Each structure stands twice: as C-alpha cells, then as structure tokens.
Amino acid sequence: MADRVIIDTDTATDDTLGILLAVLSDRVDVEALTIGAGNVAFDRQVENAKYTLQLADAAAEIPVHEGARSPLVKEHEHATQIHGEGGLGPDLVPETDVPSAEGFAPEYIVDAARERPGEITLVCLAPLTNVALALEREPELAELLADVVVMGGNVHTAGNVTPAAEFNFWVDPDAAKIVLDELDVTLVDWGLTLRDGTLDAAAEERITDAAGDSRFAAFYETVFQSDPEPDATVIDRDETLQPDALATAIALVPELIEQRGTYAVDVDEREGLTRGHTVVDTNGVTDREPRTDVIESVDTDGFRQLLCNTIVHGDPDRSFE
Ligand code: BDR
Ligand code: CA
C-alpha cells in the first residue's frame with residue numbers, strides 16, 4: 001500500500017472522486033497534485049483541482065503544481081464532449097484564489113522522488129505527459145518511486161475515444177509508450193472500469209439521499225447531474241463510470257484486487273486508426289520484458305462501498321456496511 005502519493009490529474013468529473021478518496025483517507029498522505037493537459041482547458045483543470053481540495057479542507061496543505069499544457073508530440077484535443085466545457089457540470093465553474101505552487105510539475109515529481117527515495121507512489125489519472133517529462137529529467141525514476149498506478153489504456157476492450165483507444169493513452173501515446181517502457185506500472189484500464197469501476201443505481205440512490213447532509217454527496221450530484229453526450233460505451237447503462245477513483249482505490253486498498261497479470265504492454269504512438277491502442281503481450285510472443293502489472297479483476301462491491309463511504313460520509317476508512 002502507498003504511504004505518500006502524488007496525484008497527477010487533468011481534473012474534471014471522475015478525477016475529483018479519486019482526489020477526494022485519497023485526500024480524505026488516513027491510509028496515505030497526499031504530497032501534491034500535479035496537473036497535465038487532458039480533459040478540459042488547462043486553467044479550468046487547475047481550478048477544479050484546487051476547488052476539490054478546498055471541499056476536503058485540504059487546499060492549504062496540499063500544493064498544486066502546474067505541468068505540461070500539451071502532449072509531448074501530438075496536437076491536443078480536450079474531452080469536453082464527455083466532461084462538459086468546465087469539467088464539473090454546467091453550474092459549477094470555480095474561481096478559488098488559491099495560488100499554484102512554485103515549480104513545474106515534472107520537476108516537482110523528480111525532486112520529491114529524490115528527496116524521499118522509495119516512498120512515493122504516483123497515481124496517474126491523466127495523459128502521461130508530466131510523467132514522461134519527469135523521466136526525461138531523471139532516467140532513474142523507476143528506482144526512486146515506490147509504485148506507479150496508471151489509469152489508462154484499453155486491454156482487449158474497445159476504446160472510449162476511438163474504437164482503438166482510451167482517452168488518456170490516445171491524447172499522449174508517445175508519453176504512455178515511454179512510461180510503460182521505463183517504469184513498473186500497475187495498470188487500471190478502461191475495460192476494468194467498465195467491468196468493476198462503476199457506481200450503480202443503488203449507490204447513486206444512497207448518494208442522492210445524502211445530498212442534503214454531505215457536501216461531498218451534493219458535489220457529486222452537481223458534477224454528475226448531466227452527462228452532455230455519454231460516449232458509445234456507456235449509453236444505456238444506469239451507472240456512472242469511475243476510472244480515476246478505481247485507480248486511486250487500487251493504490252490505497254490493494255486488497256480490492258482479485259486478479260492481476262504481468263505482461264509486456266506497448267502503446268501505438270503512430271497517427272491513424274490505431275493511435276493510442278494498448279498492445280498487451282499476453283502470450284509472451286515478443287522479446288519485451290513483462291513488467292506491467294495489469295489489474296484484471298477488482299472487488300466491485302468493495303470498491304462501491306469505499307467510494308460511497310467517501311461521498312456519503314466523507315470517510316473512506318469507515319468499515320464497509
Ligand atoms: C480517462 O480519461 C479521462 O477523461 C478520465 O478522467 C479518465 O482519466 C478515462 O478514459
Ligand atoms: Ca482523468
């Protein structure tokens with residue numbers, strides 16, 4: 001289990017629940033949030049992150065470092081069709097006045113890892129640009145980090161932004177390729193999210209019932225009230241998809257993991273039909289070293305309880321009901 005985490009995020013909708021889960025839990029200390037290009041306009045993501053920290057009474061203690069405003073190589077496209085223009089629903093566009101911390105996010109990540117070798121887990125909820133830039137500055141980053149948990153990719157599953165690719169890997173496939181090549185990653189992919197990383201109607205009902213008493217439940221209702229144009233994979237599902245909370249949960253509570261496999265995983269960085277596609281060598285037919293820990297199954301009920309405890313009670317550490 002992680003002791004100290006840095007959360008790299010493109011804060012919009014589901015990222016906020018990953019942040020709340022980690023910040024409100026006593027299981028870990030959140031050292032900082034780092035922001036990378038992803039879901040919505042960069043400055044909006046920064047504000048969304050600060051607002052989420054404020055909601056948890058943590059904005060004074062947890063610094064927010066701004067990082068890459070565009071992918072390593074590719075042109076940047078946002079996911080406002082999924083997250084809305086601002087990323088927290090149409091009614092919430094925060095302006096917090098919280099200052100950003102000094103230091104470019106990739107440099108902060110390197111400094112923190114050097115200062116506390118072996119102690120820091122990176123929880124990566126965004127395209128992997130900041131992490132790839134950190135690797136460029138410190139090639140020995142793998143030895144300095146405790147773990148790297150990544151939400152990204154689509155393992156043997158159709159993608160969510162194209163048939164071939166999941167959003168985080170699609171936005172910056174060059175960064176994803178570098179990170180999977182050079183770090184020992186625990187991978188939480190889009191397929192796992194669809195299988196095990198949702199809040200179902202029963203969970204939603206618990207949250208709705210709590211919205212008058214819990215500011216986190218009210219926040220959830222505000223953020224997830226409208227899904228401007230749900231992507232093709234979620235239409236007709238009476239659930240909200242929580243990829244970033246799932247990845248964070250796995251970093252905090254590894255007991256939730258039911259099945260995992262270690263494989264060589266590569267990402268197609270070429271432009272075209274298969275840009276951002278996740279290639280997993282399940283049969284060991286390449287000569288690449290198997291080093292990516294792909295999470296294949298998670299205790300769905302346990303995950304839902306953990307997230308409901310966070311949203312309904314503001315207490316992820318509360319025992320399951
Ligand atoms: C991932 O992309 C983002 O839109 C979400 O926040 C999540 O990190 C899912 O594909
Ligand atoms: Ca995200």
# chains A, B, ... in the order shown; residues from 1 in each chain; ligands from 1

call {"tool": "residues_around", "arguments": {"residues": "stretch 31-44 of chain A", "least_positions_apart": "6", "cutoff": "6 Å", "atoms": "only C-alpha atoms", "output": "PyMOL selection string"}}
result
chain A and resi 5-10+62-70+78-80+105

call {"tool": "residues_around", "arguments": {"residues": "A:Ala142", "least_positions_apart": "3", "cutoff": "8 Å", "atoms": "only C-alpha atoms", "output": "list in words"}}
result
Pro139, Leu145, Glu182, Leu183 and Asp184 of chain A

call {"tool": "write_last_selection", "arguments": {"atoms": "N, CA, C and O atoms", "output": "short mmCIF file (atom, residue, chain, number, x, y, z; two decimals), in the first residue's frame"}}
result
data_model
loop_
_atom_site.label_atom_id
_atom_site.label_comp_id
_atom_site.auth_asym_id
_atom_site.auth_seq_id
_atom_site.Cartn_x
_atom_site.Cartn_y
_atom_site.Cartn_z
N PRO A 139 16.30 9.74 -15.44
CA PRO A 139 16.12 8.41 -16.04
C PRO A 139 16.04 7.28 -15.00
O PRO A 139 15.56 6.19 -15.30
N LEU A 145 10.86 5.56 -7.13
CA LEU A 145 9.42 5.55 -6.80
C LEU A 145 9.03 4.22 -6.15
O LEU A 145 9.60 3.17 -6.47
N GLU A 182 9.56 2.31 -19.31
CA GLU A 182 10.63 2.63 -18.36
C GLU A 182 10.24 2.50 -16.89
O GLU A 182 11.10 2.53 -16.02
N LEU A 183 8.95 2.39 -16.60
CA LEU A 183 8.54 2.29 -15.20
C LEU A 183 7.77 0.99 -14.97
O LEU A 183 7.19 0.43 -15.91
N ASP A 184 7.76 0.53 -13.73
CA ASP A 184 6.95 -0.64 -13.36
C ASP A 184 5.57 -0.14 -13.00
O ASP A 184 5.36 0.39 -11.90
#

call {"tool": "closest_residue", "arguments": {"among": "A:Val223, A:Val28, A:Ala245, A:Leu199", "to": "ligand 1", "atoms": "only C-alpha atoms and all ligand atoms"}}
result
A:Ala245

call {"tool": "atom_distance", "arguments": {"atom1": "atom CA of A:Gly87", "atom2": "atom CA of A:Thr310"}}
result
20.2 Å

call {"tool": "residues_near_ligand", "arguments": {"ligand": "ligand 2", "cutoff": "9 Å", "atoms": "only C-alpha atoms and all ligand atoms", "output": "compact mmCIF listing (two decimals) with N, CA and C atoms, in the first residue's frame"}}
result
# COMPACT_ATOMS: atom_id res chain seq x y z
N ASP A 8 -1.30 12.81 -10.25
CA ASP A 8 -1.20 13.56 -11.50
C ASP A 8 -2.58 13.51 -12.18
N THR A 9 -3.18 14.67 -12.40
CA THR A 9 -4.59 14.70 -12.78
C THR A 9 -4.91 15.78 -13.80
N ASP A 10 -5.89 15.50 -14.64
CA ASP A 10 -6.47 16.51 -15.55
C ASP A 10 -7.88 16.77 -15.01
N THR A 11 -7.95 17.45 -13.89
CA THR A 11 -9.14 17.40 -13.03
C THR A 11 -10.44 17.83 -13.69
N ALA A 12 -11.32 16.85 -13.84
CA ALA A 12 -12.71 17.02 -14.30
C ALA A 12 -13.45 15.78 -13.80
N THR A 13 -14.72 15.85 -13.72
CA THR A 13 -15.63 14.78 -13.26
C THR A 13 -14.94 13.70 -12.41
N ASP A 14 -14.61 12.55 -13.01
CA ASP A 14 -14.18 11.39 -12.22
C ASP A 14 -12.85 11.61 -11.50
N ASP A 15 -11.99 12.48 -12.01
CA ASP A 15 -10.73 12.77 -11.30
C ASP A 15 -11.01 13.26 -9.87
N THR A 16 -12.08 14.07 -9.73
CA THR A 16 -12.35 14.68 -8.42
C THR A 16 -12.59 13.62 -7.35
N GLY A 18 -11.33 10.54 -7.33
CA GLY A 18 -10.03 9.95 -6.99
C GLY A 18 -9.30 10.84 -5.99
N GLY A 38 -5.29 17.53 -20.56
CA GLY A 38 -6.19 16.39 -20.73
C GLY A 38 -7.62 16.81 -21.00
N ASN A 39 -8.47 16.54 -20.01
CA ASN A 39 -9.92 16.60 -20.23
C ASN A 39 -10.46 17.92 -20.76
N CYS A 124 -1.60 8.17 -11.40
CA CYS A 124 -1.67 8.92 -12.66
C CYS A 124 -3.08 8.81 -13.24
N LEU A 125 -3.78 9.94 -13.23
CA LEU A 125 -5.19 9.96 -13.66
C LEU A 125 -5.36 10.76 -14.95
N ALA A 126 -4.29 11.08 -15.62
CA ALA A 126 -4.32 11.97 -16.79
C ALA A 126 -3.45 11.38 -17.89
N PRO A 127 -3.46 11.97 -19.06
CA PRO A 127 -2.43 11.60 -20.05
C PRO A 127 -1.05 11.72 -19.40
N MET A 151 -4.17 5.08 -14.59
CA MET A 151 -5.46 4.86 -15.26
C MET A 151 -5.22 5.18 -16.73
N GLY A 152 -5.34 4.16 -17.56
CA GLY A 152 -5.17 4.42 -18.98
C GLY A 152 -5.19 3.14 -19.79
N PHE A 167 -8.94 7.39 -23.81
CA PHE A 167 -8.60 8.81 -23.87
C PHE A 167 -7.17 9.14 -23.39
N ASN A 168 -6.81 8.71 -22.17
CA ASN A 168 -5.50 9.13 -21.63
C ASN A 168 -4.35 8.68 -22.51
N PRO A 243 -13.34 5.65 -13.59
CA PRO A 243 -11.99 5.11 -13.81
C PRO A 243 -10.94 5.66 -12.85
N ASP A 244 -11.00 6.96 -12.57
CA ASP A 244 -9.92 7.56 -11.77
C ASP A 244 -10.06 7.19 -10.29

call {"tool": "closest_atom_pairs", "arguments": {"of": "stretch 17-69 of chain A", "to": "stretch 248-256 of chain A", "cutoff": "10 Å", "atoms": "only C-alpha atoms", "output": "Markdown table"}}
result
| residue | atom | partner | partner_atom | distance |
| --- | --- | --- | --- | --- |
| A:Leu17 | CA | A:Thr248 | CA | 8.9 |
| A:Gly18 | CA | A:Thr248 | CA | 5.4 |
| A:Ile19 | CA | A:Thr248 | CA | 7.9 |
| A:Leu20 | CA | A:Thr248 | CA | 9.7 |
| A:Leu21 | CA | A:Thr248 | CA | 7.3 |
| A:Ala22 | CA | A:Thr248 | CA | 6.9 |
| A:Ser25 | CA | A:Leu252 | CA | 8.6 |
| A:Asp26 | CA | A:Leu252 | CA | 9.7 |
| A:Arg27 | CA | A:Leu252 | CA | 6.7 |
| A:Val28 | CA | A:Leu252 | CA | 7.1 |
